[in-house]
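Here's the structure we're looking at; comments come further down.
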Amino acid sequence: MERKTIDLDQGWAHMQSGIAKLKRILEGLQEPQFSSEEYMMMYTTIYNLCTQKPPSDYSQQLYDKYYGCFDEYIRTKVLSAVRDKHDEFMLRELVQRWSNHKVFVRWLSRFFHYLDRYYVPRASVPSLNAVGLSAFRDLAYTEVRANARKAVIDLIYKEREGEQIDRSLLKNVLDIFVAIGMGEIVQYEEDFEVQMLEDTTSYYKSKATIWIESDSCPDYMIKAEDCLKRERERVSHYLHASTEQKLVETVQHELLVNRANQLLEKEHSGCRALLRDDKVDDLSRMYRLYHKIPKGLDPVANLFKQHITDEGTALVQLAEESASNQKTTSGSGSQDHVLVRKFIELHDKYMTYVNNCFMNHTLFHKALKDAFEVFCNKTVAGSSSAELLSSFCDNILKKGGSEKMSDEAIEDTLEKVVKLLAYISDKDLFAEFYRKKLGRRLLFDRSGNDDHEKCILTRLKQQCGGQFTSKMEGMVVDLTLARDNQLKFQEYLNENSYVNPGIDLTVTVLTTGFWPSYKSGDLNLPSEMVKCVEVFKGFYETMTKHRKLTWIYSLGSCNIIGKFNPKTIELIVSTYQAAALLLFNNADKLSYSEIMTQLNLNNEDLVRLLHSLSCAKYKILLKEPNTKTISPKDSFEFNSKFTDKMRRIKIPLPPVDERKKVIEDVYQDRRYAIDAAIVRIMKSRKVLGHQQLVSECVEQLGRMFKPDIKAIKKRIEDLISRDYLERDQDNPNTFKYLA
Amino acid sequence: MIFADGITLLCNDIQVDPQDIVMLVLSWHMKAGTMCEFSKKEFTEGLQSLGIDSLDKFREKIPSMRSELKDEQKFREIYNFAFGWAKEKGQKSLALDTAIGMWQLLFAEKQWPLVDHWCQFLQARHNKAISRDTWSQLLEFAKTVSSNLSDYDAEGAWPYLIDEFVDYLKENGVNQHGQINDSSLN
């Protein structure tokens with residue numbers, strides 16, 4: 001059956017009544033809901049009008065009329081309703097109207113649904129839903145958005161100032177801004193967010209200006225933390241999630257970034273004051289606040305570093321001052337130990353900060369390291385820090401050192417000392433001093449505890465590598481071997497009693513490479529001792545044939561019996577002292593020069609030696625004239641009247657100051673090390689520019705010492721003249737390796 | 001072998017002062033090993049390469065040899081040759097006095113305003129022999145660094161002695177024209 005063609009106007013008239021009903025419902029007027037028949041009729045009218053044969057296919061016209069409905073309604077009713085009101089009331093109206101509109105669109109698009117199925121895709125036009133939304137956007141939203149925005153921002157301001165506001169209202173309003181974008185957030189951003197952020201900026205800018213003047217650093221930080229918390233809450237309550245990051249950044253920028261210097265450097269409450277007063281909570285807050293800001297922690301770390309540097313430098317200065325006040329050689333020793341202890345304490349204190357307040361952040365580890373590197377390398381009263389550390393260790397490890405500590409405390413302290421070593425650039429200097437003192441401890445049986453000696457060597461090895469400790473370990477092993485050797489020597493003597501020299505002899509054989517270099521003087525030994533040496537040589541040759549023994553009498557010690565008139569006393573002296581005393585078995589009185597000739601010692605050693613026997617605590621020899629110092633014109637006599645309440649006394653021979661020699665040796669070694677490094681680098685790279693060569697050198701050698709650039713240059717030139725390297729013909733800044 | 005006497009005679013014949021720098025150029029052509037000496041081989045092969053077979057030709061060649069000093073590349077070769085030529089046989093370095101004499105001679109040709117300061121500096125502060133590297137790098141220094149030292153690169157690969165020289169100049173207030181007021185030199 002042919003359907004009757006409906007005329008557009010006819011059909012539209014049907015629609016009008018339905019639409020009018022819909023509007024009445026929207027206006028909130030008393031109106032019953034659509035019945036299913038009414039609904040169907042609306043739908044079918046559209047259907048019919050669209051499925052008629054052209055020219056009666058009215059799809060396009062209906063599509064336009066669809067839009068027209070919104071147009072008319074919005075213009076006549078909606079806009080004025082919204083414009084009529086202000087502030088919060090306006091917002092409420094807007095929200096209401098928007099809600100209505102959504103209903104309108106929903107219903108109307110259902111009526112017109114048939115268009116969505118065929119016309120919309122065929123004509124490639126926006127869907128009915130989209131048309132509905134864009135109608136609101138173009139006709140209502142664009143007209144009222146500025147006012148709405150302003151009203152919202154005003155409410156936000158009120159909330160910031162502490163008033164209660166209707167959060168759900170704001171959420172609803174902002175939902176409009178979001179929804180209007182129809183899937184894109186751009187509308188919300190442009191129409192609302194930008195302005196809101198600007199407003200936030202000026203709000204916090206002015207707050208910051210006030211607070212920074214009136215508040216202490218901790219109080220300011222508490223406020224800042226609070227503001228950030230509130231802003232985040234704001235987002236979760238009514239702003240779009242995408243605003244959070246920008247908002248937080250804005251607040252951080254105004255409160256924390258722009259004011260960083262003023263805040264952190266506040267005179268009595270800034271970062272350094274907090275460190276001084278141990279305000280752990282405040283510092284933790286500072287870390288939390290600045291942690292999220294890119295490069296935000298840099299100024300904090302800098303202040304941290306400055307603070308530590310200043311404290312460390314002050315300690316150094318204090319030590320310098322008390323050293324120059326004291327001006328006695330023995331006094332300065334204990335001062336050094338005090339300084340090292342203080343360094344350790346300082347390190348522990350600030351490491352705690354790094355671990356706790358600053359959450360182990362690398363920036364702060366580095367700040368601590370940099371600070372320590374600055375003052376740990378300063379010289380105090382002529383001693384480098386390398387020397388100070390080594391004598392500190394010596395003090396702990398030797399018997400009768402000035403510190404009495406439990407085993408645990410010792411191990412703990414040694415561990416901390418090794419950590420401090422990491423900050424010292426002249427590690428090779430430390431190694432050499434340490435080795436010298438270790439030598440003393442081992443040879444003169446002054447070492448307190450073998451385990452501790454081994455313990456510190458293990459730690460040094462862990463931190464500085466095997467090469468650092470190999471010689472020292474060798475020294476310790478030598479001692480163990482020497483003990484075994486001595487037992488064998490005893491056996492040898494027992495088996496070959498005819499060679500027994502008649503004197504108890506203990507010999508310690510040292511491996512030359514491991515031990516520091518000692519000068520082996522040509523002391524003229526007393527005949528008794530000469531025999532001993534020969535006997536031992538005989539024994540040693542039975543053990544190994546290919547080793548050469550060099551005797552270091554300066555390290556020896558001797559127990560001799562002094563038959564004094566009052567009573568016999570056993571004297572524990574060094575070999576040199578013994579040799580000198582034994583001369584008086586054959587002569588009553590000897591002049592300085594006679595002694596010198598007979599012993600074959602140099603002036604320096606002889607003066608020290610004679611001083612210890614005639615001008616110190618125990619006067620075994622009488623000196624003429626009886627002055628306090630030794631002169632080459634003096635003469636000496638055995639003091640037969642000497643006595644002491646003890647039956648056995650030790651007469652110390654003060655050691656020579658090794659410092660100069662150690663430094664010389666180390667500087668010499670450095671030249672070799674630099675040469676070796678340069679050759680090694682050039683051998684592998686073949687061609688390298690000057691700058692790179694220098695920086696690689698510095699890097700390679702950095703584990704042990706900080707090479708002087710001038711020194712490196714000199715070594716390079718030396719290597720050029722020795723034909724290891726040459727300059728490139730075309731580019732004199734580049735070097736080539738000569739095989 | 002021709003030694004000093006023979007050379008004096010030769011100079012007479014070609015009408016050139018024995019101290020004239022052109023003798024250096026001649027020695028360079030001859031690849032002479034040491035100054036004040038020519039071996040037979042050096043002499044004859046050198047003259048051959050110059051195309052000289054008579055005294056007249058010799059005299060004619062003098063001006064052109066002199067002009068070779070103006071050529072940048074040749075000057076550099078001659079300058080570097082001078083080191084090996086002027087030093088003692090068997091020594092690695094050049095004695096200071098000889099070096100200073102050579103520098104005075106060479107830089108009279110090439111015009112380096114700081115040459116006197118350089119020589120003063122060496123006598124005051126260094127007083128040791130000069131290495132080959134320092135010798136050759138000095139020419140580069142004279143050529144590339146302006147006399148007010150504004151373009152001197154302290155981080156560069158200049159020999160240690162040249163760095164010291166720059167410090168010396170700065171200490172003693174070198175001004176724009178390379179003039180200096182060093183009170184220690186009085």
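Letters A, B, ... mark the chains of the structure tokens in the order given; residue numbers begin at 1 per chain; ligand numbers begin at 1, in order shown.
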
Q: Quick one: pick out all helix (DSSP H, G or I) residues within region 337-426 of chain A from a backbone DSSP run and write them as a ChimeraX atom specification.
A: /A:337-355,362-375,385-397,407-421

Q: For Asp13 (chain B), please output as JSON, numbers by chain all residues within 10 Å (counting only C-alpha atoms; exclusion window: fewer than 3 positions along the same chain).
A: {"B": [7, 8, 9, 10, 16, 55, 56, 58, 59]}

Q: Write out as a list in words each polymer residue whose atoms come within 10 Å of His126 (chain B), counting only C-alpha atoms; drop sequence neighbours fewer than 6 positions from it.
A: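 What passes the distance filter is Leu96, Cys119, Gln120, Leu161, Glu164 and Phe165 of chain B.
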
Per-residue nearest contacts of chain B to chain A (9 Å; only C-alpha atoms) as CSV:
residue,atom,partner,partner_atom,distance
B:Lys92,CA,A:Ser721,CA,7.8
B:Ser93,CA,A:Ser721,CA,8.8
B:Ser131,CA,A:Ser721,CA,7.1
B:Arg132,CA,A:Ser721,CA,7.4
B:Asp133,CA,A:Glu717,CA,7.3
B:Thr134,CA,A:Glu717,CA,8.5
B:Gln137,CA,A:Pro732,CA,7.9
B:Glu140,CA,A:Pro732,CA,8.6
B:Glu155,CA,A:Gln691,CA,7.3
B:Gly156,CA,A:Asn733,CA,6.7
B:Ala157,CA,A:Asn733,CA,5.1
B:Trp158,CA,A:Asn733,CA,7.8
B:Pro159,CA,A:Glu717,CA,6.9
B:Tyr160,CA,A:Lys714,CA,6.2

**Q.** Within 12 Å of region 497-508 of chain A using only C-alpha atoms, minus same-chain residues under 2 positions, as a ChimeraX atom specification
**A.** /A:442-445,475,477-495,510-511,527-540,549-553,555-560

Q: Write out as a ChimeraX atom specification each polymer residue whose atoms come within 12 Å of Glu432 (chain A), counting only C-alpha atoms; drop sequence neighbours fewer than 5 positions from it.
A: /A:386-387,389-391,426-427,437-439,468-469,471-472,514-517,658-667,669,704

Go ahead and dump the residues you just picked, N, CA, C and O atoms, as a CSV table (one decimal), in the first residue's frame.
chain,number,residue,atom,x,y,z
A,386,ALA,N,97.4,13.8,55.5
A,386,ALA,CA,97.8,12.4,55.3
A,386,ALA,C,98.6,12.0,56.5
A,386,ALA,O,98.4,10.9,57.1
A,387,GLU,N,99.5,12.9,56.9
A,387,GLU,CA,100.4,12.5,58.1
A,387,GLU,C,99.6,12.4,59.3
A,387,GLU,O,99.8,11.5,60.1
A,389,LEU,N,96.5,11.7,59.8
A,389,LEU,CA,95.7,10.5,59.8
A,389,LEU,C,96.6,9.3,60.2
A,389,LEU,O,96.2,8.4,60.9
A,390,SER,N,97.8,9.2,59.6
A,390,SER,CA,98.6,8.1,59.8
A,390,SER,C,99.1,8.0,61.2
A,390,SER,O,99.2,7.0,61.8
A,391,SER,N,99.4,9.2,61.8
A,391,SER,CA,99.8,9.1,63.2
A,391,SER,C,98.7,8.9,64.2
A,391,SER,O,98.8,8.3,65.2
A,426,ASP,N,96.0,13.2,48.8
A,426,ASP,CA,97.4,12.6,48.8
A,426,ASP,C,97.4,11.3,49.4
A,426,ASP,O,98.0,11.1,50.5
A,427,LYS,N,96.6,10.3,48.8
A,427,LYS,CA,96.6,9.0,49.5
A,427,LYS,C,97.9,8.3,49.5
A,427,LYS,O,98.2,7.5,50.4
A,437,LYS,N,105.3,4.0,59.9
A,437,LYS,CA,105.0,3.8,61.2
A,437,LYS,C,104.6,2.3,61.5
A,437,LYS,O,104.9,1.8,62.6
A,438,LEU,N,104.1,1.7,60.5
A,438,LEU,CA,103.8,0.3,60.7
A,438,LEU,C,105.1,-0.5,60.9
A,438,LEU,O,105.3,-1.3,61.7
A,439,GLY,N,106.2,0.0,60.1
A,439,GLY,CA,107.5,-0.6,60.3
A,439,GLY,C,108.0,-0.5,61.7
A,439,GLY,O,108.4,-1.5,62.3
A,468,PHE,N,97.4,-0.8,47.0
A,468,PHE,CA,97.7,0.1,48.0
A,468,PHE,C,98.2,-0.6,49.2
A,468,PHE,O,99.1,-0.1,49.9
A,469,THR,N,97.7,-1.8,49.5
A,469,THR,CA,98.1,-2.5,50.8
A,469,THR,C,99.0,-3.6,50.6
A,469,THR,O,99.5,-4.3,51.6
A,471,LYS,N,102.2,-3.9,49.9
A,471,LYS,CA,103.5,-3.9,50.6
A,471,LYS,C,103.3,-4.0,52.1
A,471,LYS,O,104.0,-4.7,52.8
A,472,MET,N,102.2,-3.4,52.6
A,472,MET,CA,102.0,-3.4,54.0
A,472,MET,C,101.7,-4.9,54.5
A,472,MET,O,102.2,-5.3,55.5
A,514,PHE,N,109.1,-4.6,50.4
A,514,PHE,CA,107.9,-4.3,51.1
A,514,PHE,C,108.1,-3.2,52.1
A,514,PHE,O,107.2,-2.4,52.4
A,515,TRP,N,109.3,-3.1,52.6
A,515,TRP,CA,109.6,-2.2,53.7
A,515,TRP,C,110.0,-0.8,53.2
A,515,TRP,O,110.6,-0.7,52.1
A,516,PRO,N,109.8,0.2,54.0
A,516,PRO,CA,110.3,1.5,53.6
A,516,PRO,C,111.8,1.4,53.5
A,516,PRO,O,112.5,0.5,54.1
A,517,SER,N,112.4,2.4,52.8
A,517,SER,CA,113.9,2.3,52.7
A,517,SER,C,114.5,2.8,53.9
A,517,SER,O,114.2,3.9,54.4
A,658,GLU,N,111.0,11.9,60.1
A,658,GLU,CA,111.0,11.3,58.8
A,658,GLU,C,110.2,12.1,57.7
A,658,GLU,O,110.2,11.8,56.6
A,659,ARG,N,109.6,13.2,58.2
A,659,ARG,CA,108.6,13.8,57.3
A,659,ARG,C,109.2,14.2,56.0
A,659,ARG,O,108.7,13.9,54.9
A,660,LYS,N,110.4,14.9,56.0
A,660,LYS,CA,110.9,15.4,54.8
A,660,LYS,C,111.3,14.3,53.8
A,660,LYS,O,111.0,14.3,52.6
A,661,LYS,N,111.8,13.2,54.4
A,661,LYS,CA,112.2,12.1,53.5
A,661,LYS,C,111.0,11.5,52.9
A,661,LYS,O,111.0,11.1,51.8
A,662,VAL,N,110.0,11.3,53.7
A,662,VAL,CA,108.8,10.6,53.2
A,662,VAL,C,108.2,11.4,52.1
A,662,VAL,O,107.9,10.9,51.0
A,663,ILE,N,108.1,12.7,52.3
A,663,ILE,CA,107.6,13.6,51.2
A,663,ILE,C,108.4,13.5,50.0
A,663,ILE,O,107.9,13.4,48.8
A,664,GLU,N,109.8,13.6,50.1
A,664,GLU,CA,110.6,13.4,49.0
A,664,GLU,C,110.4,12.1,48.2
A,664,GLU,O,110.3,12.1,47.0
A,665,ASP,N,110.4,11.0,49.0
A,665,ASP,CA,110.2,9.7,48.4
A,665,ASP,C,108.9,9.7,47.6
A,665,ASP,O,108.8,9.2,46.5
A,666,VAL,N,107.8,10.2,48.2
A,666,VAL,CA,106.5,10.1,47.6
A,666,VAL,C,106.5,11.0,46.3
A,666,VAL,O,106.0,10.6,45.3
A,667,TYR,N,107.1,12.2,46.3
A,667,TYR,CA,107.2,13.0,45.1
A,667,TYR,C,108.0,12.3,44.0
A,667,TYR,O,107.6,12.4,42.9
A,669,ASP,N,108.3,9.0,43.7
A,669,ASP,CA,107.4,8.0,43.1
A,669,ASP,C,106.3,8.5,42.2
A,669,ASP,O,105.9,7.9,41.2
A,704,MET,N,95.2,7.8,43.8
A,704,MET,CA,96.3,7.9,44.8
A,704,MET,C,96.7,9.3,45.1
A,704,MET,O,97.1,9.6,46.2

Q | Distance of CA of Gly6 (chain B) from CA of Phe43 (chain B), expressed in Å to one decimal place | A | 11.8 Å

For His268 (chain A): contacts at 9 Å, only C-alpha atoms, fewer than 6 positions along chain excluded, given as a compact mmCIF listing (two decimals) with N, CA and C atoms, in the first residue's frame:
# COMPACT_ATOMS: atom_id res chain seq x y z
N SER A 216 59.46 33.00 60.02
CA SER A 216 60.75 32.32 60.03
C SER A 216 60.70 31.24 58.95
N CYS A 217 61.86 30.73 58.63
CA CYS A 217 61.93 29.71 57.58
C CYS A 217 61.05 28.49 57.90
N LEU A 274 69.23 26.04 60.80
CA LEU A 274 68.56 24.78 61.14
C LEU A 274 69.58 23.67 61.35

(Q) Restricting the calculation to only C-alpha atoms: of B:Thr34, B:Gln19, B:Ser147, B:Asn127, which residue gets closest to Lys89 (chain B)? (A)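 Comparing B:Thr34, B:Gln19, B:Ser147, B:Asn127 against Lys89 (chain B), the winner is B:Thr34.
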
Q) Out of B:Asp20, B:Ser27, B:Met35, B:Phe121, which residue has the shortest atom-to-atom distance to Leu47 (chain B) when counting only C-alpha atoms? A) B:Ser27

Q. In Å, how far is it from CA of Ala208 (chain A) to CA of Leu255 (chain A)?
A. 5.6 Å

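Considering only C-alpha atoms, the residue among A:Tyr119, A:Tyr203, A:Tyr114, A:Phe358 positioned nearest to Ile153 (chain A) is A:Tyr203.
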
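Across the structure, CA of Asp634 (chain A) and CA of Ser591 (chain A) are spaced 6.1 Å apart.
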
Q.
Residues near region 77-81 of chain B, anyone? I mean within 7 Å using only C-alpha atoms, not counting same-chain ones fewer than 6 positions away, as JSON, numbers by chain.
A. {"B": [25, 28, 136]}

C-alpha atoms of the current selection, written as a CSV table (one decimal), in the first residue's frame:
chain,number,residue,atom,x,y,z
B,25,VAL,CA,121.1,28.8,5.1
B,28,TRP,CA,121.0,23.9,5.7
B,136,SER,CA,110.7,24.2,17.9
